[in-house]
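Trainee: TSV, C-alpha atoms, file start_6.tsv:
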```tsv
chain	number	residue	atom	x	y	z
A	1449	MET	CA	16.09	-8.97	-21.23
A	1450	ALA	CA	15.52	-6.10	-18.82
A	1451	PRO	CA	11.95	-5.26	-17.76
A	1452	THR	CA	10.18	-2.38	-19.49
A	1453	VAL	CA	8.96	0.54	-17.38
A	1454	GLU	CA	6.26	2.75	-18.92
A	1455	LYS	CA	4.39	5.75	-17.55
A	1456	LEU	CA	0.60	5.54	-17.35
A	1457	PRO	CA	-1.65	8.40	-18.49
A	1458	ILE	CA	-2.36	9.52	-14.92
A	1459	ARG	CA	-1.40	13.08	-14.04
A	1460	PRO	CA	1.47	13.36	-11.53
A	1461	LEU	CA	0.16	12.93	-7.98
A	1462	GLY	CA	1.42	14.44	-4.75
A	1463	VAL	CA	1.79	11.01	-3.16
A	1464	GLY	CA	0.36	8.16	-5.22
A	1465	GLU	CA	-0.44	5.25	-2.91
A	1466	GLY	CA	-2.46	2.12	-2.26
A	1467	PRO	CA	-2.72	0.60	-5.77
A	1468	HIS	CA	-5.45	-2.05	-6.00
A	1469	TRP	CA	-6.06	-4.08	-9.17
A	1470	ASP	CA	-9.73	-4.96	-9.66
A	1471	ILE	CA	-9.93	-8.12	-11.78
A	1472	GLU	CA	-13.63	-7.74	-12.54
A	1473	THR	CA	-13.33	-4.32	-14.20
A	1474	GLN	CA	-9.67	-4.61	-15.24
A	1475	SER	CA	-9.03	-1.34	-13.47
A	1476	LEU	CA	-6.31	0.00	-11.22
A	1477	TYR	CA	-7.52	2.02	-8.25
A	1478	LEU	CA	-5.19	4.21	-6.21
A	1479	ILE	CA	-5.18	7.39	-4.14
A	1480	ASP	CA	-3.36	10.70	-3.97
A	1481	ALA	CA	-2.58	11.09	-0.27
A	1482	THR	CA	-1.62	14.75	-0.40
A	1483	GLY	CA	-4.09	15.71	-3.12
A	1484	ILE	CA	-6.89	13.91	-1.23
A	1485	ALA	CA	-8.16	12.21	-4.37
A	1486	ILE	CA	-9.14	8.76	-5.63
A	1487	VAL	CA	-8.08	7.51	-9.05
A	1488	ARG	CA	-9.19	4.80	-11.49
A	1489	TYR	CA	-7.09	3.73	-14.45
A	1490	ASP	CA	-9.08	1.78	-17.05
A	1491	LEU	CA	-6.95	-0.72	-18.97
A	1492	ALA	CA	-9.31	-1.09	-21.93
A	1493	THR	CA	-9.41	2.61	-22.78
A	1494	ASN	CA	-6.00	3.55	-21.32
A	1495	LYS	CA	-7.64	6.48	-19.52
A	1496	ALA	CA	-7.63	7.73	-15.96
A	1497	PHE	CA	-10.47	9.21	-13.91
A	1498	ILE	CA	-10.08	11.21	-10.70
A	1499	ALA	CA	-12.50	12.36	-7.99
A	1500	LYS	CA	-12.02	14.25	-4.73
A	1501	PRO	CA	-14.00	13.13	-1.66
A	1502	ASP	CA	-15.08	15.91	0.69
A	1503	LEU	CA	-12.76	14.64	3.43
A	1504	ALA	CA	-9.65	15.89	5.22
A	1505	ALA	CA	-7.62	12.85	4.11
A	1506	VAL	CA	-7.76	9.63	2.12
A	1507	SER	CA	-5.39	6.71	2.61
A	1508	PHE	CA	-6.72	3.79	0.53
A	1509	ILE	CA	-9.54	2.67	-1.78
A	1510	ILE	CA	-10.75	-0.93	-2.22
A	1511	PRO	CA	-13.87	-2.06	-4.14
A	1512	VAL	CA	-16.74	-3.63	-2.20
A	1513	ALA	CA	-17.42	-7.20	-3.37
A	1514	GLY	CA	-20.69	-7.88	-5.18
A	1515	THR	CA	-21.44	-4.23	-5.88
A	1516	LYS	CA	-20.94	-1.73	-8.67
A	1517	GLY	CA	-19.54	1.62	-7.70
A	1518	LYS	CA	-19.10	0.97	-3.97
A	1519	PHE	CA	-15.75	1.25	-2.21
A	1520	VAL	CA	-14.26	1.25	1.28
A	1521	ILE	CA	-11.78	4.05	1.94
A	1522	GLY	CA	-9.74	5.16	4.94
A	1523	SER	CA	-9.57	8.71	6.28
A	1524	GLY	CA	-8.13	9.80	9.62
A	1525	HIS	CA	-9.69	7.60	12.30
A	1526	LYS	CA	-12.58	6.43	10.12
A	1527	LEU	CA	-13.51	3.87	7.50
A	1528	TYR	CA	-16.08	5.04	4.94
A	1529	ILE	CA	-18.22	3.43	2.26
A	1530	ILE	CA	-18.44	5.66	-0.78
A	1531	GLY	CA	-20.40	5.53	-4.00
A	1532	TRP	CA	-18.48	6.43	-7.17
A	1533	ASP	CA	-19.08	5.44	-10.77
A	1534	GLY	CA	-15.36	5.50	-11.54
A	1535	LEU	CA	-15.90	8.05	-14.31
A	1536	SER	CA	-17.20	11.25	-12.75
A	1537	ASP	CA	-15.13	13.75	-10.79
A	1538	LYS	CA	-17.85	13.68	-8.11
A	1539	ILE	CA	-18.57	11.23	-5.30
A	1540	ASP	CA	-22.18	9.98	-5.28
A	1541	SER	CA	-22.45	9.08	-1.59
A	1542	ILE	CA	-20.41	8.68	1.55
A	1543	GLU	CA	-21.19	7.10	4.92
A	1544	VAL	CA	-19.16	6.17	7.97
A	1545	LEU	CA	-18.56	2.42	8.32
A	1546	HIS	CA	-16.44	2.47	11.48
A	1547	GLU	CA	-14.56	4.91	13.67
A	1548	LEU	CA	-11.51	4.00	15.74
A	1549	THR	CA	-12.06	5.03	19.31
A	1550	ASP	CA	-8.73	3.82	20.72
A	1551	ALA	CA	-6.37	5.60	18.31
A	1552	LEU	CA	-4.28	8.50	19.57
A	1553	GLU	CA	-5.24	11.91	18.25
A	1554	ASN	CA	-2.08	12.22	16.15
A	1555	ASN	CA	-2.46	8.73	14.65
A	1556	SER	CA	-4.13	8.07	11.30
A	1557	ILE	CA	-5.19	5.11	9.15
A	1558	ASN	CA	-2.70	4.26	6.40
A	1559	ASP	CA	-2.30	1.25	4.06
A	1560	ALA	CA	-4.96	-1.47	3.80
A	1561	LYS	CA	-5.54	-4.82	2.04
A	1562	CYS	CA	-8.13	-7.59	2.22
A	1563	ASP	CA	-7.38	-11.23	2.94
A	1564	SER	CA	-8.98	-14.10	0.98
A	1565	SER	CA	-12.18	-13.92	3.05
A	1566	GLY	CA	-12.65	-10.20	2.27
A	1567	ARG	CA	-11.65	-9.16	5.78
A	1568	LEU	CA	-10.05	-5.70	5.77
A	1569	TRP	CA	-6.62	-5.24	7.35
A	1570	PHE	CA	-5.19	-1.77	7.95
A	1571	GLY	CA	-2.59	-0.05	10.05
A	1572	THR	CA	-2.12	3.36	11.60
A	1573	LEU	CA	0.84	5.71	11.74
A	1574	ASP	CA	1.99	8.50	14.01
A	1575	MET	CA	1.57	11.61	11.84
A	1576	LEU	CA	4.43	13.26	13.75
A	1577	CYS	CA	6.77	11.04	11.75
A	1578	LEU	CA	6.23	13.30	8.76
A	1579	ARG	CA	7.94	16.10	10.69
A	1580	ASP	CA	10.53	14.22	12.76
A	1581	GLY	CA	10.83	10.56	11.88
A	1582	ASP	CA	13.71	9.87	14.27
A	1583	LYS	CA	11.78	10.92	17.38
A	1584	ILE	CA	8.37	9.32	17.06
A	1585	ASN	CA	7.02	6.62	19.33
A	1586	PRO	CA	5.70	3.30	17.99
A	1587	SER	CA	2.11	4.19	18.85
A	1588	GLY	CA	0.54	2.77	15.68
A	1589	ARG	CA	-1.43	-0.47	15.50
A	1590	ILE	CA	-2.65	-3.04	13.02
A	1591	TYR	CA	-6.39	-3.75	12.89
A	1592	SER	CA	-8.73	-6.05	11.04
A	1593	TYR	CA	-12.36	-5.31	10.25
A	1594	SER	CA	-15.28	-7.44	9.12
A	1595	LYS	CA	-19.01	-7.14	9.53
A	1596	GLN	CA	-19.16	-10.32	11.61
A	1597	GLU	CA	-16.12	-9.66	13.82
A	1598	GLY	CA	-16.17	-5.87	13.99
A	1599	CYS	CA	-12.85	-4.09	14.42
A	1600	ARG	CA	-10.10	-6.08	16.15
A	1601	GLU	CA	-6.70	-4.83	17.26
A	1602	GLN	CA	-4.14	-7.27	15.87
A	1603	ALA	CA	-0.72	-5.79	16.70
A	1604	THR	CA	0.83	-2.83	18.51
A	1605	GLY	CA	4.21	-1.11	18.56
A	1606	ILE	CA	3.98	0.25	15.00
A	1607	TYR	CA	5.81	3.35	13.76
A	1608	LEU	CA	4.46	3.84	10.24
A	1609	SER	CA	2.29	1.04	8.88
A	1610	ASN	CA	2.75	0.14	5.22
A	1611	GLY	CA	2.48	-2.71	2.76
A	1612	ILE	CA	0.44	-5.82	3.63
A	1613	ALA	CA	0.46	-9.13	1.73
A	1614	TRP	CA	-0.21	-12.82	2.31
A	1615	ASP	CA	1.37	-15.94	0.86
A	1616	ALA	CA	-0.80	-18.15	-1.37
A	1617	GLN	CA	-1.69	-20.48	1.51
A	1618	GLU	CA	-2.37	-17.52	3.81
A	1619	LYS	CA	-0.15	-18.96	6.50
A	1620	LYS	CA	2.03	-15.85	6.60
A	1621	MET	CA	1.19	-12.15	6.50
A	1622	TYR	CA	3.98	-9.79	5.47
A	1623	TYR	CA	4.13	-6.19	6.53
A	1624	ASN	CA	6.37	-3.11	6.28
A	1625	ASP	CA	6.97	-0.80	9.22
A	1626	THR	CA	8.74	2.08	7.48
A	1627	TYR	CA	10.48	3.53	10.54
A	1628	ALA	CA	11.45	0.14	11.89
A	1629	TYR	CA	13.24	-0.14	8.50
A	1630	SER	CA	12.01	-3.70	8.07
A	1631	VAL	CA	9.76	-6.20	6.39
A	1632	ASP	CA	8.17	-8.39	9.07
A	1633	SER	CA	6.14	-11.57	8.99
A	1634	PHE	CA	3.26	-12.73	11.14
A	1635	ASP	CA	1.81	-16.21	11.49
A	1636	CYS	CA	-1.85	-16.31	10.45
A	1637	ASN	CA	-4.11	-18.19	12.85
A	1638	SER	CA	-7.32	-20.04	12.01
A	1639	ASP	CA	-9.40	-17.64	14.14
A	1640	GLY	CA	-8.45	-14.64	11.98
A	1641	THR	CA	-5.72	-13.33	14.26
A	1642	ILE	CA	-1.98	-12.94	13.73
A	1643	GLY	CA	1.04	-13.47	15.95
A	1644	ASN	CA	4.72	-14.41	16.20
A	1645	ARG	CA	6.07	-11.26	14.54
A	1646	LYS	CA	9.53	-11.73	13.00
A	1647	VAL	CA	11.86	-9.50	11.00
A	1648	ILE	CA	12.30	-10.87	7.48
A	1649	TYR	CA	14.60	-8.18	6.09
A	1650	HIS	CA	16.13	-5.13	7.78
A	1651	PHE	CA	17.07	-2.44	5.26
A	1652	LYS	CA	19.21	-0.31	7.56
A	1653	GLU	CA	21.24	-3.28	8.82
A	1654	ASN	CA	21.82	-4.32	5.20
A	1655	ASN	CA	23.20	-0.86	4.37
A	1656	ILE	CA	20.49	0.06	1.88
A	1657	LYS	CA	21.09	3.69	0.90
A	1658	ALA	CA	17.50	4.84	1.61
A	1659	PRO	CA	16.20	2.18	4.03
A	1660	LEU	CA	12.53	3.25	4.02
A	1661	PRO	CA	10.26	0.40	2.86
A	1662	ASP	CA	6.86	1.65	1.75
A	1663	GLY	CA	4.31	-0.48	-0.13
A	1664	LEU	CA	4.65	-4.23	-0.61
A	1665	THR	CA	3.17	-7.07	-2.67
A	1666	ILE	CA	3.88	-10.76	-3.28
A	1667	ASP	CA	4.25	-12.86	-6.43
A	1668	LYS	CA	2.99	-16.35	-7.25
A	1669	ASP	CA	6.37	-17.77	-6.25
A	1670	GLY	CA	6.13	-16.37	-2.74
A	1671	LYS	CA	8.70	-13.61	-3.21
A	1672	LEU	CA	8.13	-10.08	-1.94
A	1673	TRP	CA	8.27	-6.89	-4.00
A	1674	VAL	CA	9.02	-3.83	-1.88
A	1675	ALA	CA	8.85	-0.16	-2.89
A	1676	LEU	CA	11.74	1.83	-1.43
A	1677	PHE	CA	10.96	5.48	-0.78
A	1678	GLY	CA	13.98	7.57	-1.75
A	1679	ASN	CA	15.78	4.79	-3.62
A	1680	SER	CA	14.23	4.91	-7.14
A	1681	GLU	CA	13.66	1.17	-7.17
A	1682	VAL	CA	11.54	-1.83	-6.30
A	1683	LEU	CA	13.30	-4.79	-4.70
A	1684	ARG	CA	12.34	-8.46	-5.04
A	1685	ILE	CA	13.19	-10.22	-1.77
A	1686	ASP	CA	13.09	-13.90	-0.85
A	1687	PRO	CA	11.47	-14.04	2.62
A	1688	LYS	CA	13.09	-17.43	3.34
A	1689	THR	CA	16.70	-16.71	2.39
A	1690	LYS	CA	16.42	-12.98	3.16
A	1691	LYS	CA	18.25	-12.18	-0.07
A	1692	ILE	CA	17.58	-9.51	-2.69
A	1693	LEU	CA	16.79	-11.37	-5.92
A	1694	GLU	CA	16.08	-8.51	-8.27
A	1695	ARG	CA	16.13	-4.72	-8.50
A	1696	VAL	CA	13.78	-2.81	-10.80
A	1697	PRO	CA	14.83	0.82	-11.37
A	1698	ILE	CA	11.97	3.35	-11.40
A	1699	PRO	CA	12.49	6.86	-12.88
A	1700	ALA	CA	11.31	8.63	-9.72
A	1701	ALA	CA	12.98	8.81	-6.31
A	1702	GLU	CA	9.93	8.47	-4.06
A	1703	VAL	CA	8.68	4.97	-4.89
A	1704	THR	CA	5.64	4.43	-2.69
A	1705	SER	CA	3.79	1.21	-3.52
A	1706	VAL	CA	3.33	-1.75	-5.86
A	1707	ALA	CA	0.52	-4.04	-7.04
A	1708	TRP	CA	0.17	-6.83	-9.60
A	1709	GLY	CA	-2.39	-6.34	-12.35
A	1710	GLY	CA	-3.13	-6.84	-16.02
A	1711	PRO	CA	-5.09	-9.63	-17.76
A	1712	ASN	CA	-2.92	-12.35	-16.23
A	1713	LEU	CA	-1.57	-10.39	-13.27
A	1714	GLU	CA	1.71	-10.17	-15.14
A	1715	HIS	CA	2.13	-6.38	-14.87
A	1716	LEU	CA	3.61	-4.69	-11.83
A	1717	TYR	CA	2.03	-1.29	-11.18
A	1718	VAL	CA	4.18	1.19	-9.26
A	1719	THR	CA	3.12	4.45	-7.59
A	1720	THR	CA	5.44	7.31	-6.68
A	1721	GLY	CA	5.45	10.57	-4.76
A	1722	ASN	CA	6.39	14.16	-5.48
A	1723	ILE	CA	6.92	15.76	-2.08
A	1724	HIS	CA	10.75	16.03	-1.86
A	1725	PRO	CA	10.98	16.26	1.92
A	1726	LYS	CA	13.70	18.54	3.17
A	1727	GLU	CA	13.39	17.47	6.79
A	1728	GLY	CA	11.60	14.95	8.94
A	1729	LEU	CA	12.54	11.80	7.00
A	1730	PRO	CA	15.77	10.33	8.37
A	1731	ASN	CA	18.38	8.55	6.26
A	1732	LEU	CA	17.47	10.49	3.13
A	1733	GLU	CA	19.84	12.77	1.32
A	1734	ASP	CA	18.48	15.50	-0.95
A	1735	LEU	CA	16.38	13.59	-3.43
A	1736	PRO	CA	16.87	14.26	-7.13
A	1737	ILE	CA	13.97	16.05	-8.81
A	1738	SER	CA	12.55	14.46	-11.95
A	1739	SER	CA	9.70	15.25	-14.30
A	1740	GLU	CA	8.48	11.69	-13.57
A	1741	ASP	CA	7.98	12.33	-9.84
A	1742	GLY	CA	4.43	11.48	-8.75
A	1743	CYS	CA	3.75	9.43	-11.89
A	1744	THR	CA	2.31	5.92	-11.96
A	1745	PHE	CA	4.19	3.23	-13.85
A	1746	ARG	CA	3.61	-0.22	-15.32
A	1747	VAL	CA	6.48	-2.72	-15.38
A	1748	THR	CA	6.31	-5.52	-17.96
A	1749	GLY	CA	8.67	-8.30	-18.98
A	1750	LEU	CA	9.15	-9.65	-15.47
A	1751	SER	CA	9.84	-13.34	-14.87
A	1752	THR	CA	6.85	-13.91	-12.61
A	1753	SER	CA	3.30	-12.71	-11.95
A	1754	GLY	CA	1.14	-11.90	-8.98
A	1755	LEU	CA	-1.74	-13.15	-6.87
A	1756	PRO	CA	-5.24	-11.67	-7.23
A	1757	MET	CA	-6.20	-8.83	-4.92
A	1758	VAL	CA	-9.41	-9.31	-2.96
A	1759	PRO	CA	-12.31	-6.84	-2.68
A	1760	PHE	CA	-13.81	-5.91	0.68
A	1761	LYS	CA	-16.71	-8.10	1.83
A	1762	LEU	CA	-19.29	-5.84	3.44
```
Please lay out the structure from this file as structure tokens.

Mentor:
Amino acid sequence: MAPTVEKLPIRPLGVGEGPHWDIETQSLYLIDATGIAIVRYDLATNKAFIAKPDLAAVSFIIPVAGTKGKFVIGSGHKLYIIGWDGLSDKIDSIEVLHELTDALENNSINDAKCDSSGRLWFGTLDMLCLRDGDKINPSGRIYSYSKQEGCREQATGIYLSNGIAWDAQEKKMYYNDTYAYSVDSFDCNSDGTIGNRKVIYHFKENNIKAPLPDGLTIDKDGKLWVALFGNSEVLRIDPKTKKILERVPIPAAEVTSVAWGGPNLEHLYVTTGNIHPKEGLPNLEDLPISSEDGCTFRVTGLSTSGLPMVPFKL
């Protein structure tokens, strides 16, 4: 039986991104990158709540472990800790946690996830890619941040950082570089560093119509689920055989990210965008316009489930 795709009661977003399922509150957190907003979807009440931080940008939101109403978010070159009750349309507090001092002026923080220890991992992108994706330089980087270790540069040579996930044993970290058109893997070292970057799947070389991988997650069986921007689908990929195992159609062209959630992590939450770029994004034809663009979806009836997402340890 085919999976069921249903729209959540979240208003259409400019670019929905960074979904994070919080097990403790049974809530889905996400952001609107172009609307500069943070969102909480409450499973119990089937309602959504939205607030707008007084910032020039927002790229992710992750709860802070052991707290109520505290979150780490990314914006530009900075990480912030904010206070938000998840209900109000106002932010209670905001303070700078860390500022990147080595990032180029045109680079900005993008996707982020936490490993099993609560260490934050995030990447940067060259914002020029939004205007001319074929001519940017790989000036982005991957960083990790923890209170004990501070901010550590982990990898360089990144075009547009997206999608981070680890296998259950945390021996491999998987990662999308959108303008490298690939899912890559890194070996995870015992000292909290990564290395030995390898291409797991190259979308352009495999003749995928819109070869722009965006967000990424992993299931309990070690298979990757990749959101394809411009392709109206999520792909399930085996990182060992490098084969596409499953395709889940989504009723919006700009599929941006994915996360497992629900009571038993059996639901796949999918975010989408509503920007319809006319230039700047290579390998995209004119995207069809749908009333579902920018909506957030829940996919049920899948044959597997996910791994728990980890809050940030401050």

Trainee: What does the structure give for the distance between CA of Thr1549 in chain A and CA of Phe1634 in chain A, in Å to one decimal?

Mentor: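 For CA of Thr1549 in chain A relative to CA of Phe1634 in chain A, the distance reads 24.8 Å.
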
Trainee: So the first atom is CA of Arg1488 in chain A and the second is CA of Asn1722 in chain A; what is the distance between them in Å, to one decimal place?

Mentor: 19.1 Å

Trainee: Which of these, A:Asp1741, A:Asp1625, A:Asp1533, A:Asp1480, has the shortest distance to Ser1507 in chain A once you count all atoms listed in the file?

Mentor: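 Comparing A:Asp1741, A:Asp1625, A:Asp1533, A:Asp1480 against Ser1507 in chain A, the winner is A:Asp1480.
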
Trainee: Between CA of Ile1656 in chain A and CA of Gly1678 in chain A, what is the distance in Å, rounded to a tenth?

Mentor: 10.6 Å

Trainee: Could you give me, as JSON lines, a per-residue list for range 1602-1678 of chain A showing, wherever an atom lies at most 10 Å from an atom of range 1708-1721 of chain A, the closest pair of atoms and their distance in Å to one decimal, using all atoms listed in the file and sorting by chain then residue number from low to high?

Mentor:
```
{"residue": "A:Gly1663", "atom": "CA", "partner": "A:Thr1719", "partner_atom": "CA", "distance": 9.0}
{"residue": "A:Thr1665", "atom": "CA", "partner": "A:Trp1708", "partner_atom": "CA", "distance": 7.6}
{"residue": "A:Ile1666", "atom": "CA", "partner": "A:Trp1708", "partner_atom": "CA", "distance": 8.3}
{"residue": "A:Asp1667", "atom": "CA", "partner": "A:Trp1708", "partner_atom": "CA", "distance": 7.9}
{"residue": "A:Lys1668", "atom": "CA", "partner": "A:Leu1713", "partner_atom": "CA", "distance": 9.6}
{"residue": "A:Trp1673", "atom": "CA", "partner": "A:Leu1716", "partner_atom": "CA", "distance": 9.4}
{"residue": "A:Ala1675", "atom": "CA", "partner": "A:Val1718", "partner_atom": "CA", "distance": 8.0}
{"residue": "A:Leu1676", "atom": "CA", "partner": "A:Thr1720", "partner_atom": "CA", "distance": 9.9}
{"residue": "A:Phe1677", "atom": "CA", "partner": "A:Thr1720", "partner_atom": "CA", "distance": 8.3}
{"residue": "A:Gly1678", "atom": "CA", "partner": "A:Gly1721", "partner_atom": "CA", "distance": 9.5}
```

Trainee: Can you list, as a list in words, every protein, DNA or RNA residue that comes within 10 Å of Thr1482 in chain A when you count all atoms listed in the file, leaving out same-chain residues fewer than 4 positions away?

Mentor: Leu1461, Gly1462, Val1463, Gly1464, Glu1465, Ala1504, Ala1505, Val1506, Ser1507, Gly1721, Asn1722 and Ile1723 of chain A

Trainee: Between A:Asn1585, A:Asn1654, A:Ser1594, A:Ser1564, which one has atoms that come closest to Gln1617 in chain A, using all atoms listed in the file?

Mentor: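 For Gln1617 in chain A, the nearest of the candidates is A:Ser1564.
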
Trainee: Could you check which of A:Phe1497, A:Trp1614, A:Phe1508, A:Tyr1649 is closest to Asn1558 in chain A, using only C-alpha atoms?

Mentor: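 Counting only C-alpha atoms, the residue closest to Asn1558 in chain A is A:Phe1508.
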
Trainee: Out of A:Ile1539, A:Glu1618, A:Asp1559, A:Leu1552, which residue has the shortest atom-to-atom distance to Asp1574 in chain A when counting all atoms listed in the file?

Mentor: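 Checking each of A:Ile1539, A:Glu1618, A:Asp1559, A:Leu1552 against Asp1574 in chain A, counting all atoms listed in the file, the winner is A:Leu1552.
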
Trainee: Rank A:Gly1670, A:Gly1611, A:Gly1466, A:Gly1605 by their smallest atom-to-atom distance to Ser1753 in chain A, using all atoms listed in the file, and report the top residue only.

Mentor: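 Closest to Ser1753 in chain A of all the choices is A:Gly1670.
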
Trainee: Between A:Asn1655, A:Thr1744, A:Asn1554, A:Gln1474, which residue has the minimum interatomic distance to Leu1456 in chain A, considering only C-alpha atoms?

Mentor: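 Ranking A:Asn1655, A:Thr1744, A:Asn1554, A:Gln1474 by distance to Leu1456 in chain A, first place goes to A:Thr1744.
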
Trainee: When you look at Val1453 in chain A with a cut-off of 12 Å (counting only C-alpha atoms), what residues show up, excluding the ones that are within fewer than 3 positions of it in the same chain? I need them as a VMD selection string.

Mentor: chain A and resid 1450 1456 1681 to 1682 1696 to 1700 1715 to 1718 1740 1743 to 1750

Trainee: Which neighbours of Arg1600 in chain A fall inside 8 Å, counting only C-alpha atoms, when residues of the same chain fewer than 5 positions from it are skipped, and could you give them as a ChimeraX atom specification?

Mentor: /A:1591-1593

Trainee: Give me the residues near Gly1531 in chain A as number ranges by chain, where near means some atom within 9 Å (using all atoms listed in the file) and where sequence neighbours in that chain fewer than 6 positions away do not count.

Mentor: A: 1516-1519, 1539-1542

Trainee: At a cut-off of 7 Å, using only C-alpha atoms, what residues contact Val1544 in chain A? Leave out same-chain residues fewer than 4 positions from it and give the result as a ChimeraX atom specification.

Mentor: /A:1526-1529

Trainee: Mind completing range 1641-1663 of chain A with N, CA and C atoms? Output as an mmCIF file, in the frame of the given file, please?

Mentor:
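And here is the file that came out, rebuild.cif:
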```
data_model
loop_
_atom_site.group_PDB
_atom_site.id
_atom_site.type_symbol
_atom_site.label_atom_id
_atom_site.label_comp_id
_atom_site.auth_asym_id
_atom_site.auth_seq_id
_atom_site.Cartn_x
_atom_site.Cartn_y
_atom_site.Cartn_z
ATOM 1 N N THR A 1641 -6.676 -14.169 13.556
ATOM 2 C CA THR A 1641 -5.720 -13.330 14.260
ATOM 3 C C THR A 1641 -4.312 -13.605 13.725
ATOM 4 N N ILE A 1642 -3.379 -12.765 14.120
ATOM 5 C CA ILE A 1642 -1.980 -12.940 13.730
ATOM 6 C C ILE A 1642 -1.104 -12.916 14.974
ATOM 7 N N GLY A 1643 0.108 -13.464 14.831
ATOM 8 C CA GLY A 1643 1.040 -13.470 15.950
ATOM 9 C C GLY A 1643 2.430 -13.855 15.495
ATOM 10 N N ASN A 1644 3.347 -13.962 16.453
ATOM 11 C CA ASN A 1644 4.720 -14.410 16.200
ATOM 12 C C ASN A 1644 5.413 -13.504 15.171
ATOM 13 N N ARG A 1645 5.446 -12.224 15.454
ATOM 14 C CA ARG A 1645 6.070 -11.260 14.540
ATOM 15 C C ARG A 1645 7.579 -11.489 14.458
ATOM 16 N N LYS A 1646 8.101 -11.545 13.223
ATOM 17 C CA LYS A 1646 9.530 -11.730 13.000
ATOM 18 C C LYS A 1646 10.018 -10.786 11.902
ATOM 19 N N VAL A 1647 11.248 -10.327 12.034
ATOM 20 C CA VAL A 1647 11.860 -9.500 11.000
ATOM 21 C C VAL A 1647 12.336 -10.404 9.871
ATOM 22 N N ILE A 1648 11.890 -10.115 8.653
ATOM 23 C CA ILE A 1648 12.300 -10.870 7.480
ATOM 24 C C ILE A 1648 13.512 -10.223 6.815
ATOM 25 N N TYR A 1649 13.486 -8.895 6.722
ATOM 26 C CA TYR A 1649 14.600 -8.180 6.090
ATOM 27 C C TYR A 1649 14.701 -6.805 6.726
ATOM 28 N N HIS A 1650 15.902 -6.433 7.153
ATOM 29 C CA HIS A 1650 16.130 -5.130 7.780
ATOM 30 C C HIS A 1650 16.993 -4.289 6.842
ATOM 31 N N PHE A 1651 16.417 -3.219 6.297
ATOM 32 C CA PHE A 1651 17.070 -2.440 5.260
ATOM 33 C C PHE A 1651 18.260 -1.633 5.806
ATOM 34 N N LYS A 1652 18.126 -1.104 7.001
ATOM 35 C CA LYS A 1652 19.210 -0.310 7.560
ATOM 36 C C LYS A 1652 20.408 -1.196 7.888
ATOM 37 N N GLU A 1653 20.161 -2.370 8.469
ATOM 38 C CA GLU A 1653 21.240 -3.280 8.820
ATOM 39 C C GLU A 1653 21.941 -3.836 7.580
ATOM 40 N N ASN A 1654 21.229 -3.848 6.440
ATOM 41 C CA ASN A 1654 21.820 -4.320 5.200
ATOM 42 C C ASN A 1654 22.396 -3.179 4.348
ATOM 43 N N ASN A 1655 22.527 -2.013 4.988
ATOM 44 C CA ASN A 1655 23.200 -0.860 4.370
ATOM 45 C C ASN A 1655 22.547 -0.410 3.061
ATOM 46 N N ILE A 1656 21.215 -0.496 3.007
ATOM 47 C CA ILE A 1656 20.490 0.060 1.880
ATOM 48 C C ILE A 1656 20.549 1.579 1.973
ATOM 49 N N LYS A 1657 20.845 2.248 0.885
ATOM 50 C CA LYS A 1657 21.090 3.690 0.900
ATOM 51 C C LYS A 1657 19.920 4.463 1.505
ATOM 52 N N ALA A 1658 18.705 4.208 1.040
ATOM 53 C CA ALA A 1658 17.500 4.840 1.610
ATOM 54 C C ALA A 1658 16.648 3.698 2.178
ATOM 55 N N PRO A 1659 16.775 3.406 3.466
ATOM 56 C CA PRO A 1659 16.200 2.180 4.030
ATOM 57 C C PRO A 1659 14.728 2.306 4.451
ATOM 58 N N LEU A 1660 13.910 3.000 3.639
ATOM 59 C CA LEU A 1660 12.530 3.250 4.020
ATOM 60 C C LEU A 1660 11.568 2.423 3.163
ATOM 61 N N PRO A 1661 11.206 1.221 3.616
ATOM 62 C CA PRO A 1661 10.260 0.400 2.860
ATOM 63 C C PRO A 1661 8.861 0.982 2.935
ATOM 64 N N ASP A 1662 8.207 1.082 1.787
ATOM 65 C CA ASP A 1662 6.860 1.650 1.750
ATOM 66 C C ASP A 1662 5.869 0.532 1.406
ATOM 67 N N GLY A 1663 5.273 0.550 0.210
ATOM 68 C CA GLY A 1663 4.310 -0.480 -0.130
ATOM 69 C C GLY A 1663 4.968 -1.827 -0.431
#
```
